[in-house]
Amino acid sequence: QVQLVESGGGLVQAGGSLRLSCAASGRTFSSYAMGWFRQAPGNEREFVAAINRSGGLTYYAGSVKGRFIISRDNAKNTVYLQMNSLKPEDTGVYYCAGDETLLGYGSRSGRPDEYDYWGQGTQVTVSS
(Lines give C-alpha, C1' and ligand atoms only; values in the text may rest on other atoms or scores of the structure.)
Protein backbone atom coordinates (compact mmCIF):
# COMPACT_ATOMS: atom_id res chain seq x y z
CA GLN A 1 0.00 0.00 0.00
CA VAL A 2 1.12 3.56 -0.64
CA GLN A 3 0.04 6.80 1.02
CA LEU A 4 -0.13 9.95 -1.10
CA VAL A 5 -0.07 13.57 0.08
CA GLU A 6 -0.49 16.48 -2.33
CA SER A 7 0.79 20.01 -1.78
CA GLY A 8 1.41 23.20 -3.71
CA GLY A 9 -2.11 24.34 -4.49
CA GLY A 10 -3.25 27.91 -4.06
CA LEU A 11 -4.72 31.00 -5.68
CA VAL A 12 -3.12 32.29 -8.88
CA GLN A 13 -4.09 34.74 -11.58
CA ALA A 14 -4.85 33.59 -15.09
CA GLY A 15 -1.64 33.16 -17.04
CA GLY A 16 0.32 32.27 -13.94
CA SER A 17 2.00 29.04 -12.88
CA LEU A 18 1.88 26.58 -10.00
CA ARG A 19 3.76 23.38 -9.25
CA LEU A 20 1.96 20.64 -7.41
CA SER A 21 3.80 17.90 -5.56
CA CYS A 22 2.61 14.50 -4.42
CA ALA A 23 4.75 12.75 -1.84
CA ALA A 24 4.42 9.01 -1.49
CA SER A 25 5.20 6.79 1.46
CA GLY A 26 4.82 3.11 2.03
CA ARG A 27 5.71 0.55 -0.56
CA THR A 28 8.15 1.12 -3.40
CA PHE A 29 7.12 4.26 -5.22
CA SER A 30 8.81 3.23 -8.44
CA SER A 31 6.39 0.29 -8.72
CA TYR A 32 3.49 2.66 -9.33
CA ALA A 33 2.30 4.45 -12.40
CA MET A 34 1.04 7.84 -11.26
CA GLY A 35 -1.67 10.19 -12.41
CA TRP A 36 -3.12 13.59 -11.68
CA PHE A 37 -6.84 14.24 -11.76
CA ARG A 38 -8.98 17.27 -10.93
CA GLN A 39 -12.52 17.92 -9.88
CA ALA A 40 -14.46 21.16 -10.08
CA PRO A 41 -17.63 21.70 -8.04
CA GLY A 42 -20.55 19.87 -9.61
CA ASN A 43 -18.32 18.05 -12.07
CA GLU A 44 -16.97 14.55 -12.26
CA ARG A 45 -13.32 13.87 -11.55
CA GLU A 46 -11.38 14.29 -14.77
CA PHE A 47 -8.01 13.10 -15.97
CA VAL A 48 -5.15 15.59 -16.24
CA ALA A 49 -1.89 13.67 -16.76
CA ALA A 50 -0.18 10.34 -16.12
CA ILE A 51 3.37 9.05 -16.04
CA ASN A 52 4.89 5.59 -16.19
CA ARG A 53 7.06 3.99 -13.51
CA SER A 54 10.40 5.21 -14.81
CA GLY A 55 9.17 8.67 -15.80
CA GLY A 56 10.07 8.16 -19.42
CA LEU A 57 6.53 8.15 -20.78
CA THR A 58 3.75 10.64 -20.14
CA TYR A 59 0.15 11.06 -21.17
CA TYR A 60 -1.98 14.22 -21.07
CA ALA A 61 -5.56 15.34 -21.40
CA GLY A 62 -6.05 17.47 -24.47
CA SER A 63 -7.13 20.44 -22.38
CA VAL A 64 -3.74 20.69 -20.65
CA LYS A 65 -1.32 19.38 -23.26
CA GLY A 66 1.37 21.95 -23.96
CA ARG A 67 0.68 23.81 -20.70
CA PHE A 68 1.16 21.18 -17.97
CA ILE A 69 4.12 18.88 -17.38
CA ILE A 70 4.04 15.76 -15.24
CA SER A 71 7.32 14.42 -13.88
CA ARG A 72 8.55 12.20 -11.08
CA ASP A 73 11.62 11.74 -8.93
CA ASN A 74 11.72 8.16 -7.72
CA ALA A 75 14.63 8.90 -5.39
CA LYS A 76 12.42 11.42 -3.59
CA ASN A 77 9.21 9.37 -3.87
CA THR A 78 7.49 12.37 -5.44
CA VAL A 79 5.47 13.13 -8.54
CA TYR A 80 5.04 16.70 -9.77
CA LEU A 81 2.63 18.63 -11.92
CA GLN A 82 4.01 21.86 -13.35
CA MET A 83 1.06 23.99 -14.47
CA ASN A 84 1.74 26.94 -16.75
CA SER A 85 -0.50 29.42 -18.56
CA LEU A 86 -3.26 28.67 -16.10
CA LYS A 87 -6.85 29.41 -17.02
CA PRO A 88 -9.92 29.90 -14.81
CA GLU A 89 -11.26 26.59 -16.12
CA ASP A 90 -8.27 24.85 -14.51
CA THR A 91 -9.80 25.61 -11.11
CA GLY A 92 -10.57 22.59 -8.97
CA VAL A 93 -9.28 20.14 -6.42
CA TYR A 94 -6.27 18.31 -7.80
CA TYR A 95 -5.65 14.73 -6.77
CA CYS A 96 -2.72 12.44 -7.35
CA ALA A 97 -3.31 8.74 -7.77
CA GLY A 98 -1.20 5.63 -8.09
CA ASP A 99 -1.58 2.08 -9.30
CA GLU A 100 0.77 -0.86 -9.71
CA THR A 101 -0.99 -2.39 -12.71
CA LEU A 102 -1.30 0.60 -15.03
CA LEU A 103 1.25 1.59 -17.65
CA GLY A 104 1.04 5.33 -17.00
CA TYR A 105 0.11 6.09 -20.58
CA GLY A 106 -2.81 5.19 -22.79
CA SER A 107 -6.53 5.29 -22.23
CA ARG A 108 -6.65 3.06 -19.14
CA SER A 109 -4.35 5.43 -17.30
CA GLY A 110 -6.86 8.21 -17.93
CA ARG A 111 -9.68 6.52 -16.05
CA PRO A 112 -9.98 7.33 -12.33
CA ASP A 113 -11.58 3.99 -11.51
CA GLU A 114 -8.38 2.24 -12.63
CA TYR A 115 -6.35 3.72 -9.76
CA ASP A 116 -6.18 2.06 -6.35
CA TYR A 117 -4.55 4.81 -4.29
CA TRP A 118 -5.48 8.46 -3.92
CA GLY A 119 -4.33 11.51 -2.03
CA GLN A 120 -6.63 13.90 -0.21
CA GLY A 121 -6.38 16.63 -2.85
CA THR A 122 -5.12 20.20 -3.02
CA GLN A 123 -7.19 23.19 -4.12
CA VAL A 124 -6.15 25.21 -7.16
CA THR A 125 -8.04 28.42 -7.88
CA VAL A 126 -7.31 30.48 -10.99
CA SER A 127 -8.79 33.97 -11.00
CA SER A 128 -9.61 35.83 -14.20
# chains A, B, ... in the order shown; residues from 1 in each chain; ligands from 1
>>> closest_atom_pairs(of="segment 23-76 of chain A", to="segment 107-121 of chain A", cutoff="10 Å", atoms="only C-alpha atoms", output="JSON lines")
{"residue": "A:Ala23", "atom": "CA", "partner": "A:Gly119", "partner_atom": "CA", "distance": 9.2}
{"residue": "A:Ala24", "atom": "CA", "partner": "A:Gly119", "partner_atom": "CA", "distance": 9.1}
{"residue": "A:Tyr32", "atom": "CA", "partner": "A:Tyr117", "partner_atom": "CA", "distance": 9.7}
{"residue": "A:Ala33", "atom": "CA", "partner": "A:Ser109", "partner_atom": "CA", "distance": 8.3}
{"residue": "A:Met34", "atom": "CA", "partner": "A:Ser109", "partner_atom": "CA", "distance": 8.4}
{"residue": "A:Gly35", "atom": "CA", "partner": "A:Ser109", "partner_atom": "CA", "distance": 7.3}
{"residue": "A:Trp36", "atom": "CA", "partner": "A:Gly110", "partner_atom": "CA", "distance": 9.1}
{"residue": "A:Phe37", "atom": "CA", "partner": "A:Pro112", "partner_atom": "CA", "distance": 7.6}
{"residue": "A:Arg38", "atom": "CA", "partner": "A:Gly121", "partner_atom": "CA", "distance": 8.5}
{"residue": "A:Gln39", "atom": "CA", "partner": "A:Gly121", "partner_atom": "CA", "distance": 9.4}
{"residue": "A:Arg45", "atom": "CA", "partner": "A:Pro112", "partner_atom": "CA", "distance": 7.4}
{"residue": "A:Glu46", "atom": "CA", "partner": "A:Pro112", "partner_atom": "CA", "distance": 7.5}
{"residue": "A:Phe47", "atom": "CA", "partner": "A:Gly110", "partner_atom": "CA", "distance": 5.4}
{"residue": "A:Val48", "atom": "CA", "partner": "A:Gly110", "partner_atom": "CA", "distance": 7.8}
{"residue": "A:Ala49", "atom": "CA", "partner": "A:Gly110", "partner_atom": "CA", "distance": 7.5}
{"residue": "A:Ala50", "atom": "CA", "partner": "A:Ser109", "partner_atom": "CA", "distance": 6.5}
{"residue": "A:Ile51", "atom": "CA", "partner": "A:Ser109", "partner_atom": "CA", "distance": 8.6}
{"residue": "A:Asn52", "atom": "CA", "partner": "A:Ser109", "partner_atom": "CA", "distance": 9.3}
{"residue": "A:Tyr59", "atom": "CA", "partner": "A:Ser109", "partner_atom": "CA", "distance": 8.2}
{"residue": "A:Tyr60", "atom": "CA", "partner": "A:Gly110", "partner_atom": "CA", "distance": 8.4}
{"residue": "A:Ala61", "atom": "CA", "partner": "A:Gly110", "partner_atom": "CA", "distance": 8.0}
>>> write_last_selection(atoms="N, CA and C atoms", output="mmCIF file, in the first residue's frame")
data_model
loop_
_atom_site.group_PDB
_atom_site.id
_atom_site.type_symbol
_atom_site.label_atom_id
_atom_site.label_comp_id
_atom_site.auth_asym_id
_atom_site.auth_seq_id
_atom_site.Cartn_x
_atom_site.Cartn_y
_atom_site.Cartn_z
ATOM 1 N N ALA A 23 3.761 13.570 -2.531
ATOM 2 C CA ALA A 23 4.751 12.755 -1.840
ATOM 3 C C ALA A 23 4.147 11.412 -1.471
ATOM 4 N N ALA A 24 4.891 10.362 -1.744
ATOM 5 C CA ALA A 24 4.417 9.007 -1.487
ATOM 6 C C ALA A 24 5.205 8.362 -0.367
ATOM 7 N N TYR A 32 4.802 2.104 -9.033
ATOM 8 C CA TYR A 32 3.492 2.659 -9.330
ATOM 9 C C TYR A 32 3.538 3.601 -10.521
ATOM 10 N N ALA A 33 2.613 3.384 -11.456
ATOM 11 C CA ALA A 33 2.298 4.447 -12.400
ATOM 12 C C ALA A 33 1.486 5.491 -11.641
ATOM 13 N N MET A 34 1.678 6.754 -11.994
ATOM 14 C CA MET A 34 1.042 7.839 -11.255
ATOM 15 C C MET A 34 0.223 8.720 -12.188
ATOM 16 N N GLY A 35 -0.822 9.291 -11.631
ATOM 17 C CA GLY A 35 -1.670 10.189 -12.409
ATOM 18 C C GLY A 35 -2.108 11.378 -11.586
ATOM 19 N N TRP A 36 -2.487 12.427 -12.288
ATOM 20 C CA TRP A 36 -3.121 13.593 -11.684
ATOM 21 C C TRP A 36 -4.529 13.730 -12.270
ATOM 22 N N PHE A 37 -5.459 14.006 -11.379
ATOM 23 C CA PHE A 37 -6.842 14.239 -11.762
ATOM 24 C C PHE A 37 -7.301 15.534 -11.101
ATOM 25 N N ARG A 38 -8.414 16.080 -11.566
ATOM 26 C CA ARG A 38 -8.977 17.272 -10.928
ATOM 27 C C ARG A 38 -10.489 17.176 -10.937
ATOM 28 N N GLN A 39 -11.068 17.913 -9.998
ATOM 29 C CA GLN A 39 -12.521 17.915 -9.881
ATOM 30 C C GLN A 39 -12.995 19.312 -9.508
ATOM 31 N N ARG A 45 -14.778 13.826 -11.580
ATOM 32 C CA ARG A 45 -13.323 13.868 -11.551
ATOM 33 C C ARG A 45 -12.802 13.595 -12.963
ATOM 34 N N GLU A 46 -11.872 14.441 -13.411
ATOM 35 C CA GLU A 46 -11.379 14.292 -14.771
ATOM 36 C C GLU A 46 -9.865 14.116 -14.794
ATOM 37 N N PHE A 47 -9.428 13.394 -15.785
ATOM 38 C CA PHE A 47 -8.007 13.103 -15.967
ATOM 39 C C PHE A 47 -7.257 14.353 -16.389
ATOM 40 N N VAL A 48 -6.026 14.493 -15.860
ATOM 41 C CA VAL A 48 -5.148 15.586 -16.245
ATOM 42 C C VAL A 48 -3.886 15.049 -16.920
ATOM 43 N N ALA A 49 -3.159 14.168 -16.226
ATOM 44 C CA ALA A 49 -1.888 13.673 -16.757
ATOM 45 C C ALA A 49 -1.506 12.385 -16.049
ATOM 46 N N ALA A 50 -0.682 11.577 -16.719
ATOM 47 C CA ALA A 50 -0.177 10.342 -16.124
ATOM 48 C C ALA A 50 1.270 10.140 -16.543
ATOM 49 N N ILE A 51 1.960 9.307 -15.771
ATOM 50 C CA ILE A 51 3.366 9.048 -16.041
ATOM 51 C C ILE A 51 3.685 7.608 -15.683
ATOM 52 N N ASN A 52 4.578 6.994 -16.453
ATOM 53 C CA ASN A 52 4.891 5.587 -16.195
ATOM 54 C C ASN A 52 5.887 5.470 -15.043
ATOM 55 N N TYR A 59 1.427 11.085 -20.468
ATOM 56 C CA TYR A 59 0.145 11.061 -21.174
ATOM 57 C C TYR A 59 -0.675 12.213 -20.616
ATOM 58 N N TYR A 60 -1.294 13.022 -21.505
ATOM 59 C CA TYR A 60 -1.983 14.223 -21.069
ATOM 60 C C TYR A 60 -3.395 14.297 -21.627
ATOM 61 N N ALA A 61 -4.257 14.950 -20.876
ATOM 62 C CA ALA A 61 -5.558 15.336 -21.404
ATOM 63 C C ALA A 61 -5.343 16.450 -22.425
#
>>> residues_around(residues="segment 85-87 of chain A", least_positions_apart="2", cutoff="6 Å", atoms="only C-alpha atoms", output="ChimeraX atom specification")
/A:14-16,89-90
>>> write_last_selection(atoms="N, CA and C atoms", output="short mmCIF file (atom, residue, chain, number, x, y, z; two decimals), in the first residue's frame")
data_model
loop_
_atom_site.label_atom_id
_atom_site.label_comp_id
_atom_site.auth_asym_id
_atom_site.auth_seq_id
_atom_site.Cartn_x
_atom_site.Cartn_y
_atom_site.Cartn_z
N ALA A 14 -4.91 34.19 -13.76
CA ALA A 14 -4.85 33.59 -15.09
C ALA A 14 -3.54 33.95 -15.76
N GLY A 15 -2.93 32.96 -16.40
CA GLY A 15 -1.64 33.16 -17.04
C GLY A 15 -0.46 32.80 -16.16
N GLY A 16 -0.74 32.60 -14.88
CA GLY A 16 0.32 32.27 -13.94
C GLY A 16 0.65 30.79 -13.92
N GLU A 89 -10.67 27.93 -16.01
CA GLU A 89 -11.26 26.59 -16.12
C GLU A 89 -10.36 25.49 -15.58
N ASP A 90 -9.15 25.82 -15.18
CA ASP A 90 -8.27 24.85 -14.51
C ASP A 90 -8.56 24.77 -13.02
#
>>> residues_around(residues="Ala40 of chain A", least_positions_apart="5", cutoff="8 Å", atoms="only C-alpha atoms", output="list of chain:residue names")
A:Arg45, A:Thr91, A:Gly92, A:Val93
>>> atom_distance(atom1="atom CA of Leu103 of chain A", atom2="atom CA of Gln82 of chain A")
20.9 Å
>>> closest_residue(among="A:Leu11, A:Cys22, A:Ser128, A:Arg53", to="Asp99 of chain A", atoms="only C-alpha atoms")
A:Arg53
>>> atom_distance(atom1="atom CA of Leu18 of chain A", atom2="atom CA of Ser31 of chain A")
26.7 Å
>>> select_by_dssp(residues="segment 24-90 of chain A", states="strand (DSSP E or B)", output="PyMOL selection string")
chain A and resi 24-26+33-39+46-51+58-60+68-73+78-83
>>> write_last_selection(atoms="N, CA, C and O atoms", output="short mmCIF file (atom, residue, chain, number, x, y, z; two decimals), in the first residue's frame")
data_model
loop_
_atom_site.label_atom_id
_atom_site.label_comp_id
_atom_site.auth_asym_id
_atom_site.auth_seq_id
_atom_site.Cartn_x
_atom_site.Cartn_y
_atom_site.Cartn_z
N ALA A 24 4.89 10.36 -1.74
CA ALA A 24 4.42 9.01 -1.49
C ALA A 24 5.21 8.36 -0.37
O ALA A 24 6.42 8.57 -0.24
N SER A 25 4.53 7.58 0.42
CA SER A 25 5.20 6.79 1.46
C SER A 25 4.59 5.40 1.45
O SER A 25 3.49 5.18 0.95
N GLY A 26 5.31 4.48 2.02
CA GLY A 26 4.82 3.11 2.03
C GLY A 26 5.66 2.23 1.13
O GLY A 26 6.88 2.29 1.16
N ALA A 33 2.61 3.38 -11.46
CA ALA A 33 2.30 4.45 -12.40
C ALA A 33 1.49 5.49 -11.64
O ALA A 33 0.71 5.16 -10.73
N MET A 34 1.68 6.75 -11.99
CA MET A 34 1.04 7.84 -11.26
C MET A 34 0.22 8.72 -12.19
O MET A 34 0.56 8.90 -13.36
N GLY A 35 -0.82 9.29 -11.63
CA GLY A 35 -1.67 10.19 -12.41
C GLY A 35 -2.11 11.38 -11.59
O GLY A 35 -2.07 11.35 -10.35
N TRP A 36 -2.49 12.43 -12.29
CA TRP A 36 -3.12 13.59 -11.68
C TRP A 36 -4.53 13.73 -12.27
O TRP A 36 -4.72 13.60 -13.49
N PHE A 37 -5.46 14.01 -11.38
CA PHE A 37 -6.84 14.24 -11.76
C PHE A 37 -7.30 15.53 -11.10
O PHE A 37 -6.66 16.03 -10.16
N ARG A 38 -8.41 16.08 -11.57
CA ARG A 38 -8.98 17.27 -10.93
C ARG A 38 -10.49 17.18 -10.94
O ARG A 38 -11.10 16.48 -11.76
N GLN A 39 -11.07 17.91 -10.00
CA GLN A 39 -12.52 17.92 -9.88
C GLN A 39 -12.99 19.31 -9.51
O GLN A 39 -12.59 19.85 -8.46
N GLU A 46 -11.87 14.44 -13.41
CA GLU A 46 -11.38 14.29 -14.77
C GLU A 46 -9.87 14.12 -14.79
O GLU A 46 -9.14 14.65 -13.95
N PHE A 47 -9.43 13.39 -15.79
CA PHE A 47 -8.01 13.10 -15.97
C PHE A 47 -7.26 14.35 -16.39
O PHE A 47 -7.75 15.14 -17.20
N VAL A 48 -6.03 14.49 -15.86
CA VAL A 48 -5.15 15.59 -16.24
C VAL A 48 -3.89 15.05 -16.92
O VAL A 48 -3.57 15.42 -18.04
N ALA A 49 -3.16 14.17 -16.23
CA ALA A 49 -1.89 13.67 -16.76
C ALA A 49 -1.51 12.38 -16.05
O ALA A 49 -1.94 12.14 -14.93
N ALA A 50 -0.68 11.58 -16.72
CA ALA A 50 -0.18 10.34 -16.12
C ALA A 50 1.27 10.14 -16.54
O ALA A 50 1.73 10.70 -17.55
N ILE A 51 1.96 9.31 -15.77
CA ILE A 51 3.37 9.05 -16.04
C ILE A 51 3.69 7.61 -15.68
O ILE A 51 3.12 7.06 -14.73
N THR A 58 4.80 9.83 -20.74
CA THR A 58 3.75 10.64 -20.14
C THR A 58 2.53 10.66 -21.05
O THR A 58 2.60 10.33 -22.24
N TYR A 59 1.43 11.08 -20.47
CA TYR A 59 0.15 11.06 -21.17
C TYR A 59 -0.67 12.21 -20.62
O TYR A 59 -0.73 12.39 -19.39
N TYR A 60 -1.29 13.02 -21.51
CA TYR A 60 -1.98 14.22 -21.07
C TYR A 60 -3.39 14.30 -21.63
O TYR A 60 -3.68 13.84 -22.75
N PHE A 68 0.81 21.90 -19.19
CA PHE A 68 1.16 21.18 -17.97
C PHE A 68 2.24 20.15 -18.27
O PHE A 68 2.28 19.58 -19.36
N ILE A 69 3.08 19.91 -17.26
CA ILE A 69 4.12 18.88 -17.38
C ILE A 69 4.10 18.01 -16.14
O ILE A 69 4.23 18.52 -15.01
N ILE A 70 3.95 16.71 -16.35
CA ILE A 70 4.04 15.76 -15.24
C ILE A 70 5.45 15.18 -15.22
O ILE A 70 6.04 14.90 -16.27
N SER A 71 6.00 15.01 -14.03
CA SER A 71 7.32 14.42 -13.88
C SER A 71 7.38 13.70 -12.55
O SER A 71 6.48 13.85 -11.72
N ARG A 72 8.42 12.92 -12.35
CA ARG A 72 8.55 12.20 -11.08
C ARG A 72 10.03 12.09 -10.75
O ARG A 72 10.90 12.05 -11.62
N ASP A 73 10.29 11.98 -9.45
CA ASP A 73 11.62 11.74 -8.93
C ASP A 73 11.51 10.53 -8.02
O ASP A 73 11.06 10.66 -6.87
N THR A 78 8.36 11.23 -5.17
CA THR A 78 7.49 12.37 -5.44
C THR A 78 7.16 12.46 -6.93
O THR A 78 8.02 12.24 -7.77
N VAL A 79 5.91 12.81 -7.18
CA VAL A 79 5.47 13.13 -8.54
C VAL A 79 5.04 14.59 -8.55
O VAL A 79 4.50 15.10 -7.56
N TYR A 80 5.30 15.26 -9.66
CA TYR A 80 5.04 16.70 -9.77
C TYR A 80 4.09 16.99 -10.92
O TYR A 80 3.99 16.23 -11.89
N LEU A 81 3.41 18.11 -10.81
CA LEU A 81 2.63 18.63 -11.92
C LEU A 81 2.93 20.11 -12.04
O LEU A 81 2.51 20.91 -11.20
N GLN A 82 3.71 20.47 -13.06
CA GLN A 82 4.01 21.86 -13.35
C GLN A 82 2.90 22.41 -14.23
O GLN A 82 2.66 21.88 -15.33
N MET A 83 2.21 23.43 -13.75
CA MET A 83 1.06 23.99 -14.47
C MET A 83 1.39 25.41 -14.89
O MET A 83 1.62 26.28 -14.04
#
>>> atom_distance(atom1="atom CA of Cys96 of chain A", atom2="atom CA of Ser7 of chain A")
10.0 Å
>>> select_by_dssp(residues="segment 3-127 of chain A", states="helix (DSSP H, G or I)", output="ChimeraX atom specification")
/A:29-31,88-90,107-110,112-114
>>> write_last_selection(atoms="N, CA, C and O atoms", output="PDB file, in the first residue's frame")
ATOM      1  N   PHE A  29       7.778   3.279  -4.369  1.00  0.00           N
ATOM      2  CA  PHE A  29       7.123   4.262  -5.220  1.00  0.00           C
ATOM      3  C   PHE A  29       7.336   3.954  -6.691  1.00  0.00           C
ATOM      4  O   PHE A  29       6.438   4.135  -7.509  1.00  0.00           O
ATOM      5  N   SER A  30       8.492   3.474  -7.037  1.00  0.00           N
ATOM      6  CA  SER A  30       8.811   3.228  -8.445  1.00  0.00           C
ATOM      7  C   SER A  30       8.017   2.076  -9.041  1.00  0.00           C
ATOM      8  O   SER A  30       8.087   1.836 -10.244  1.00  0.00           O
ATOM      9  N   SER A  31       7.255   1.372  -8.223  1.00  0.00           N
ATOM     10  CA  SER A  31       6.391   0.294  -8.721  1.00  0.00           C
ATOM     11  C   SER A  31       5.053   0.815  -9.250  1.00  0.00           C
ATOM     12  O   SER A  31       4.276   0.044  -9.816  1.00  0.00           O
ATOM     13  N   PRO A  88      -8.896  30.083 -15.847  1.00  0.00           N
ATOM     14  CA  PRO A  88      -9.922  29.902 -14.811  1.00  0.00           C
ATOM     15  C   PRO A  88     -10.559  28.512 -14.853  1.00  0.00           C
ATOM     16  O   PRO A  88     -10.920  27.970 -13.804  1.00  0.00           O
ATOM     17  N   GLU A  89     -10.670  27.929 -16.013  1.00  0.00           N
ATOM     18  CA  GLU A  89     -11.261  26.587 -16.121  1.00  0.00           C
ATOM     19  C   GLU A  89     -10.362  25.489 -15.576  1.00  0.00           C
ATOM     20  O   GLU A  89     -10.777  24.329 -15.489  1.00  0.00           O
ATOM     21  N   ASP A  90      -9.151  25.816 -15.178  1.00  0.00           N
ATOM     22  CA  ASP A  90      -8.268  24.845 -14.507  1.00  0.00           C
ATOM     23  C   ASP A  90      -8.565  24.767 -13.018  1.00  0.00           C
ATOM     24  O   ASP A  90      -7.992  23.930 -12.305  1.00  0.00           O
ATOM     25  N   SER A 107      -5.191   4.956 -22.698  1.00  0.00           N
ATOM     26  CA  SER A 107      -6.531   5.292 -22.227  1.00  0.00           C
ATOM     27  C   SER A 107      -6.844   4.769 -20.830  1.00  0.00           C
ATOM     28  O   SER A 107      -7.526   5.441 -20.044  1.00  0.00           O
ATOM     29  N   ARG A 108      -6.359   3.586 -20.487  1.00  0.00           N
ATOM     30  CA  ARG A 108      -6.651   3.056 -19.137  1.00  0.00           C
ATOM     31  C   ARG A 108      -6.109   3.969 -18.066  1.00  0.00           C
ATOM     32  O   ARG A 108      -6.734   4.154 -17.017  1.00  0.00           O
ATOM     33  N   SER A 109      -4.962   4.566 -18.304  1.00  0.00           N
ATOM     34  CA  SER A 109      -4.345   5.433 -17.301  1.00  0.00           C
ATOM     35  C   SER A 109      -5.082   6.749 -17.154  1.00  0.00           C
ATOM     36  O   SER A 109      -4.767   7.535 -16.264  1.00  0.00           O
ATOM     37  N   GLY A 110      -6.046   7.005 -18.027  1.00  0.00           N
ATOM     38  CA  GLY A 110      -6.857   8.208 -17.929  1.00  0.00           C
ATOM     39  C   GLY A 110      -8.162   8.005 -17.199  1.00  0.00           C
ATOM     40  O   GLY A 110      -8.948   8.950 -17.068  1.00  0.00           O
ATOM     41  N   PRO A 112     -10.198   7.301 -13.792  1.00  0.00           N
ATOM     42  CA  PRO A 112      -9.985   7.328 -12.332  1.00  0.00           C
ATOM     43  C   PRO A 112     -10.296   6.011 -11.649  1.00  0.00           C
ATOM     44  O   PRO A 112      -9.644   5.675 -10.647  1.00  0.00           O
ATOM     45  N   ASP A 113     -11.234   5.245 -12.176  1.00  0.00           N
ATOM     46  CA  ASP A 113     -11.576   3.987 -11.512  1.00  0.00           C
ATOM     47  C   ASP A 113     -10.504   2.925 -11.673  1.00  0.00           C
ATOM     48  O   ASP A 113     -10.592   1.849 -11.066  1.00  0.00           O
ATOM     49  N   GLU A 114      -9.479   3.196 -12.466  1.00  0.00           N
ATOM     50  CA  GLU A 114      -8.376   2.243 -12.629  1.00  0.00           C
ATOM     51  C   GLU A 114      -7.314   2.387 -11.538  1.00  0.00           C
ATOM     52  O   GLU A 114      -6.426   1.555 -11.436  1.00  0.00           O
TER      53      GLU A 114
END
